[in-house]
>>> print(open('upload-v4.pdb').read())   # PDB, C-alpha atoms
ATOM      1  CA  MET J   1     -55.713-128.773-102.963
ATOM      2  CA  ASP J   2     -56.732-132.252-101.860
ATOM      3  CA  ASN J   3     -55.975-135.085-104.215
ATOM      4  CA  VAL J   4     -57.531-138.587-104.203
ATOM      5  CA  CYS J   5     -54.002-139.970-104.680
ATOM      6  CA  GLU J   6     -53.133-138.784-101.155
ATOM      7  CA  GLU J   7     -53.577-141.797 -98.889
ATOM      8  CA  GLN J   8     -55.386-139.821 -96.183
ATOM      9  CA  VAL J   9     -57.907-138.393 -98.680
ATOM     10  CA  PHE J  10     -58.489-141.824-100.225
ATOM     11  CA  ASN J  11     -58.931-143.455 -96.788
ATOM     12  CA  THR J  12     -61.475-140.804 -95.787
ATOM     13  CA  ILE J  13     -63.451-141.404 -98.997
ATOM     14  CA  PHE J  14     -63.319-145.167 -98.392
ATOM     15  CA  ARG J  15     -64.345-144.969 -94.728
ATOM     16  CA  SER J  16     -67.227-142.579 -95.320
ATOM     17  CA  ASN J  17     -68.680-144.374 -98.367
ATOM     18  CA  SER J  18     -67.770-148.073 -98.559
ATOM     19  CA  LYS J  19     -70.542-149.392 -96.252
ATOM     20  CA  THR J  20     -73.284-147.377 -97.941
ATOM     21  CA  ILE J  21     -72.095-148.339-101.408
ATOM     22  CA  PHE J  22     -71.962-151.997-100.338
ATOM     23  CA  ASN J  23     -75.540-151.807 -99.011
ATOM     24  CA  TYR J  24     -76.681-150.015-102.154
ATOM     25  CA  ILE J  25     -75.293-152.766-104.418
ATOM     26  CA  TYR J  26     -76.449-155.536-102.051
ATOM     27  CA  TYR J  27     -80.018-154.218-101.777
ATOM     28  CA  LYS J  28     -80.166-153.666-105.496
ATOM     29  CA  TYR J  29     -78.974-157.127-106.526
ATOM     30  CA  GLY J  30     -79.193-159.332-103.428
ATOM     31  CA  ASN J  31     -75.817-161.063-103.454
ATOM     32  CA  GLU J  32     -73.598-160.198-100.506
ATOM     33  CA  GLU J  33     -70.359-161.740-101.763
ATOM     34  CA  LYS J  34     -70.608-160.229-105.250
ATOM     35  CA  ALA J  35     -71.589-156.835-103.816
ATOM     36  CA  TYR J  36     -68.529-156.913-101.541
ATOM     37  CA  ASP J  37     -66.296-157.806-104.523
ATOM     38  CA  ALA J  38     -67.790-155.028-106.670
ATOM     39  CA  VAL J  39     -67.224-152.405-103.964
ATOM     40  CA  GLN J  40     -63.630-153.546-103.334
ATOM     41  CA  GLU J  41     -62.878-153.522-107.047
ATOM     42  CA  ALA J  42     -64.529-150.097-107.469
ATOM     43  CA  PHE J  43     -62.203-148.632-104.830
ATOM     44  CA  VAL J  44     -59.215-150.269-106.544
ATOM     45  CA  LYS J  45     -60.322-148.548-109.775
ATOM     46  CA  LEU J  46     -60.628-145.249-107.882
ATOM     47  CA  TRP J  47     -57.053-145.665-106.619
ATOM     48  CA  GLU J  48     -55.810-146.558-110.123
ATOM     49  CA  ASN J  49     -57.543-143.432-111.495
ATOM     50  CA  CYS J  50     -56.889-141.179-108.493
ATOM     51  CA  ALA J  51     -55.157-138.487-110.544
ATOM     52  CA  LYS J  52     -58.165-138.216-112.886
ATOM     53  CA  VAL J  53     -60.933-138.073-110.226
ATOM     54  CA  ALA J  54     -61.517-134.960-108.114
ATOM     55  CA  PRO J  55     -62.249-135.702-104.425
ATOM     56  CA  GLU J  56     -65.780-134.265-104.688
ATOM     57  CA  LYS J  57     -66.489-136.610-107.633
ATOM     58  CA  ALA J  58     -65.007-139.711-105.972
ATOM     59  CA  LYS J  59     -68.252-140.889-104.324
ATOM     60  CA  ALA J  60     -70.211-140.736-107.594
ATOM     61  CA  PHE J  61     -67.311-142.423-109.415
ATOM     62  CA  VAL J  62     -67.275-145.367-106.981
ATOM     63  CA  TYR J  63     -71.087-145.764-107.092
ATOM     64  CA  LYS J  64     -71.052-145.854-110.878
ATOM     65  CA  VAL J  65     -68.073-148.209-111.125
ATOM     66  CA  ALA J  66     -69.431-150.606-108.463
ATOM     67  CA  ASN J  67     -72.818-150.707-110.185
ATOM     68  CA  ASN J  68     -71.243-151.279-113.617
ATOM     69  CA  LEU J  69     -68.928-153.978-112.259
ATOM     70  CA  TYR J  70     -71.883-155.750-110.714
ATOM     71  CA  LEU J  71     -73.893-155.503-113.932
ATOM     72  CA  ASN J  72     -70.954-157.050-115.776
ATOM     73  CA  VAL J  73     -70.848-159.910-113.260
ATOM     74  CA  LEU J  74     -74.594-160.427-113.539
ATOM     75  CA  LYS J  75     -74.870-160.668-117.294
ATOM     76  CA  ALA J  76     -78.236-162.395-117.764
ATOM     77  CA  GLU J  77     -78.206-164.085-114.378
ATOM     78  CA  LYS J  78     -81.425-163.691-112.409
ATOM     79  CA  VAL J  79     -80.685-162.610-108.857
ATOM     80  CA  ARG J  80     -83.133-163.117-106.060
ATOM     81  CA  LEU J  81     -83.005-160.729-103.144
ATOM     82  CA  ASN J  82     -81.718-162.634-100.160
ATOM     83  CA  TYR J  83     -81.300-159.958 -97.522
ATOM     84  CA  ALA J  84     -79.843-160.992 -94.211
ATOM     85  CA  SER J  85     -82.247-162.369 -91.656
ATOM     86  CA  ASN J  86     -81.425-160.842 -88.332
ATOM     87  CA  ALA J  87     -84.135-162.700 -86.450
ATOM     88  CA  SER J  88     -83.624-162.141 -82.781
ATOM     89  CA  THR J  89     -82.998-165.298 -80.844
ATOM     90  CA  SER J  90     -84.073-164.944 -77.254
ATOM     91  CA  SER J  91     -83.315-167.300 -74.411
ATOM     92  CA  ASN J  92     -87.039-167.627 -73.659
ATOM     93  CA  PRO J  93     -88.623-170.619 -75.300
ATOM     94  CA  GLU J  94     -91.174-169.295 -77.777
ATOM     95  CA  SER J  95     -94.341-171.152 -78.598
ATOM     96  CA  PRO J  96     -94.342-173.226 -81.785
ATOM     97  CA  ASP J  97     -97.344-171.167 -82.954
ATOM     98  CA  PHE J  98     -95.401-167.930 -82.547
ATOM     99  CA  LEU J  99     -92.362-169.350 -84.347
ATOM    100  CA  MET J 100     -94.561-170.637 -87.173
ATOM    101  CA  GLU J 101     -96.292-167.245 -87.533
ATOM    102  CA  GLU J 102     -92.942-165.456 -87.498
ATOM    103  CA  LYS J 103     -91.585-167.810 -90.187
ATOM    104  CA  GLU J 104     -94.715-167.370 -92.332
ATOM    105  CA  PHE J 105     -94.542-163.581 -91.972
ATOM    106  CA  LYS J 106     -90.848-163.548 -92.940
ATOM    107  CA  GLU J 107     -91.591-165.699 -96.013
ATOM    108  CA  LYS J 108     -94.497-163.425 -96.937
ATOM    109  CA  LEU J 109     -92.255-160.352 -96.517
ATOM    110  CA  ASP J 110     -89.500-161.967 -98.628
ATOM    111  CA  ARG J 111     -92.003-162.750-101.395
ATOM    112  CA  ALA J 112     -93.460-159.243-101.240
ATOM    113  CA  LEU J 113     -90.012-157.586-101.373
ATOM    114  CA  ASN J 114     -88.970-159.870-104.230
ATOM    115  CA  SER J 115     -92.091-158.945-106.169
ATOM    116  CA  LEU J 116     -91.185-155.251-106.081
ATOM    117  CA  PRO J 117     -89.392-153.770-109.088
ATOM    118  CA  GLU J 118     -85.670-153.478-108.314
ATOM    119  CA  ASN J 119     -85.761-149.655-108.059
ATOM    120  CA  GLN J 120     -88.627-149.706-105.505
ATOM    121  CA  ARG J 121     -87.020-152.497-103.454
ATOM    122  CA  THR J 122     -83.686-150.631-103.369
ATOM    123  CA  VAL J 123     -85.344-147.383-102.208
ATOM    124  CA  PHE J 124     -87.418-149.194 -99.573
ATOM    125  CA  LEU J 125     -84.425-151.061 -98.093
ATOM    126  CA  LEU J 126     -82.055-148.079 -98.180
ATOM    127  CA  ASN J 127     -84.657-145.947 -96.401
ATOM    128  CA  ARG J 128     -86.117-148.440 -93.925
ATOM    129  CA  ILE J 129     -83.096-150.638 -93.175
ATOM    130  CA  ASP J 130     -80.205-148.176 -93.589
ATOM    131  CA  GLY J 131     -82.139-145.052 -92.571
ATOM    132  CA  LYS J 132     -81.026-143.125 -95.656
ATOM    133  CA  LYS J 133     -82.888-139.903 -96.427
ATOM    134  CA  TYR J 134     -84.683-139.542 -99.755
ATOM    135  CA  ALA J 135     -82.148-136.907-100.872
ATOM    136  CA  GLU J 136     -79.241-139.324-100.278
ATOM    137  CA  ILE J 137     -81.019-142.107-102.178
ATOM    138  CA  ALA J 138     -81.850-139.710-105.031
ATOM    139  CA  GLU J 139     -78.145-138.845-105.304
ATOM    140  CA  MET J 140     -77.172-142.544-105.355
ATOM    141  CA  GLU J 141     -79.758-143.380-107.999
ATOM    142  CA  GLY J 142     -79.147-140.227-110.043
ATOM    143  CA  VAL J 143     -82.814-139.187-109.972
ATOM    144  CA  SER J 144     -84.913-136.481-108.288
ATOM    145  CA  VAL J 145     -86.219-136.653-104.722
ATOM    146  CA  LYS J 146     -89.740-136.668-106.249
ATOM    147  CA  ALA J 147     -88.864-139.878-108.134
ATOM    148  CA  ILE J 148     -87.678-141.478-104.877
ATOM    149  CA  GLU J 149     -90.884-140.394-103.098
ATOM    150  CA  LYS J 150     -92.918-141.985-105.892
ATOM    151  CA  ARG J 151     -90.934-145.248-105.750
ATOM    152  CA  MET J 152     -91.361-145.413-101.959
ATOM    153  CA  HIS J 153     -95.089-144.710-102.229
ATOM    154  CA  LEU J 154     -95.515-147.501-104.794
ATOM    155  CA  ALA J 155     -93.359-149.916-102.754
ATOM    156  CA  LEU J 156     -95.386-149.295 -99.587
ATOM    157  CA  LYS J 157     -98.657-149.615-101.480
ATOM    158  CA  THR J 158     -97.603-152.981-102.931
ATOM    159  CA  LEU J 159     -96.283-154.243 -99.591
ATOM    160  CA  ARG J 160     -99.507-153.227 -97.816
ATOM    161  CA  GLU J 161    -101.580-155.059-100.432
ATOM    162  CA  GLN J 162     -99.499-158.227-100.118
ATOM    163  CA  ILE J 163     -98.970-158.296 -96.373
ATOM    164  CA  ASP J 164    -101.712-157.743 -93.837
ATOM    165  CA  GLY J 165    -100.590-155.685 -90.892
ATOM    166  CA  ILE J 166     -97.691-153.690 -92.341
TER
END
>>> encode(input="upload-v4.pdb", output="structure tokens")
Amino acid sequence: MDNVCEEQVFNTIFRSNSKTIFNYIYYKYGNEEKAYDAVQEAFVKLWENCAKVAPEKAKAFVYKVANNLYLNVLKAEKVRLNYASNASTSSNPESPDFLMEEKEFKEKLDRALNSLPENQRTVFLLNRIDGKKYAEIAEMEGVSVKAIEKRMHLALKTLREQIDGI
């Protein structure tokens, strides 16, 4: 029987889950460095508790630990979502009007995403940026697929109201 204490089993769990767990924590709280730290520490905790955690429970264990670690770091601190701006920079000179419109749209999108409740923002970003299916997000959040569908519906409704053209 596989055991999380076996290096190969642990490495497989790490490789298949670390990026998604990082994104989950990052989208939820908006701080890249602290999300990275929480994920690293969560995997250290998994290794320290490897004999107590069955391989099929390891993913849920790391999600829960990373989330709890981050909550401990947060305390009462207000965190603003600051997701990475991957604005494409082309070699063609773009008109100042276009650049201004793009900047205004990005600011409007940032404000709209920040105005969403944390659970809606997390679902929206996991689905639209990471391409996660509702079932995967439901498992991460520990809720039903119906709850995820509702959160996404509300997020899209709010975003449409706040941003023309989405």
>>> resolve_selection(input="upload-v4.pdb", expression="the PyMOL selection byres ((chain J and resi 12-26) around 8)", output="PyMOL selection string")
chain J and resi 8-11+27-32+35-36+39+43+55+58-59+62-63+66-67+70+83+122+126
>>> residues_around(input="upload-v4.pdb", residues="Arg151 of chain J", least_positions_apart="4", cutoff="9 Å", atoms="all atoms listed in the file", output="list in words")
Asn119, Gln120, Arg121, Val123, Phe124, Lys146, Ala147, Ala155 and Leu156 of chain J
>>> residues_around(input="upload-v4.pdb", residues="segment 157-162 of chain J", least_positions_apart="6", cutoff="8 Å", atoms="only C-alpha atoms", output="mmCIF file with C-alpha atoms, in the frame of the given file")
data_model
loop_
_atom_site.group_PDB
_atom_site.id
_atom_site.type_symbol
_atom_site.label_atom_id
_atom_site.label_comp_id
_atom_site.auth_asym_id
_atom_site.auth_seq_id
_atom_site.Cartn_x
_atom_site.Cartn_y
_atom_site.Cartn_z
ATOM 1 C CA LYS J 108 -94.497 -163.425 -96.937
ATOM 2 C CA LEU J 109 -92.255 -160.352 -96.517
ATOM 3 C CA ALA J 112 -93.460 -159.243 -101.240
ATOM 4 C CA LEU J 113 -90.012 -157.586 -101.373
ATOM 5 C CA LEU J 116 -91.185 -155.251 -106.081
#
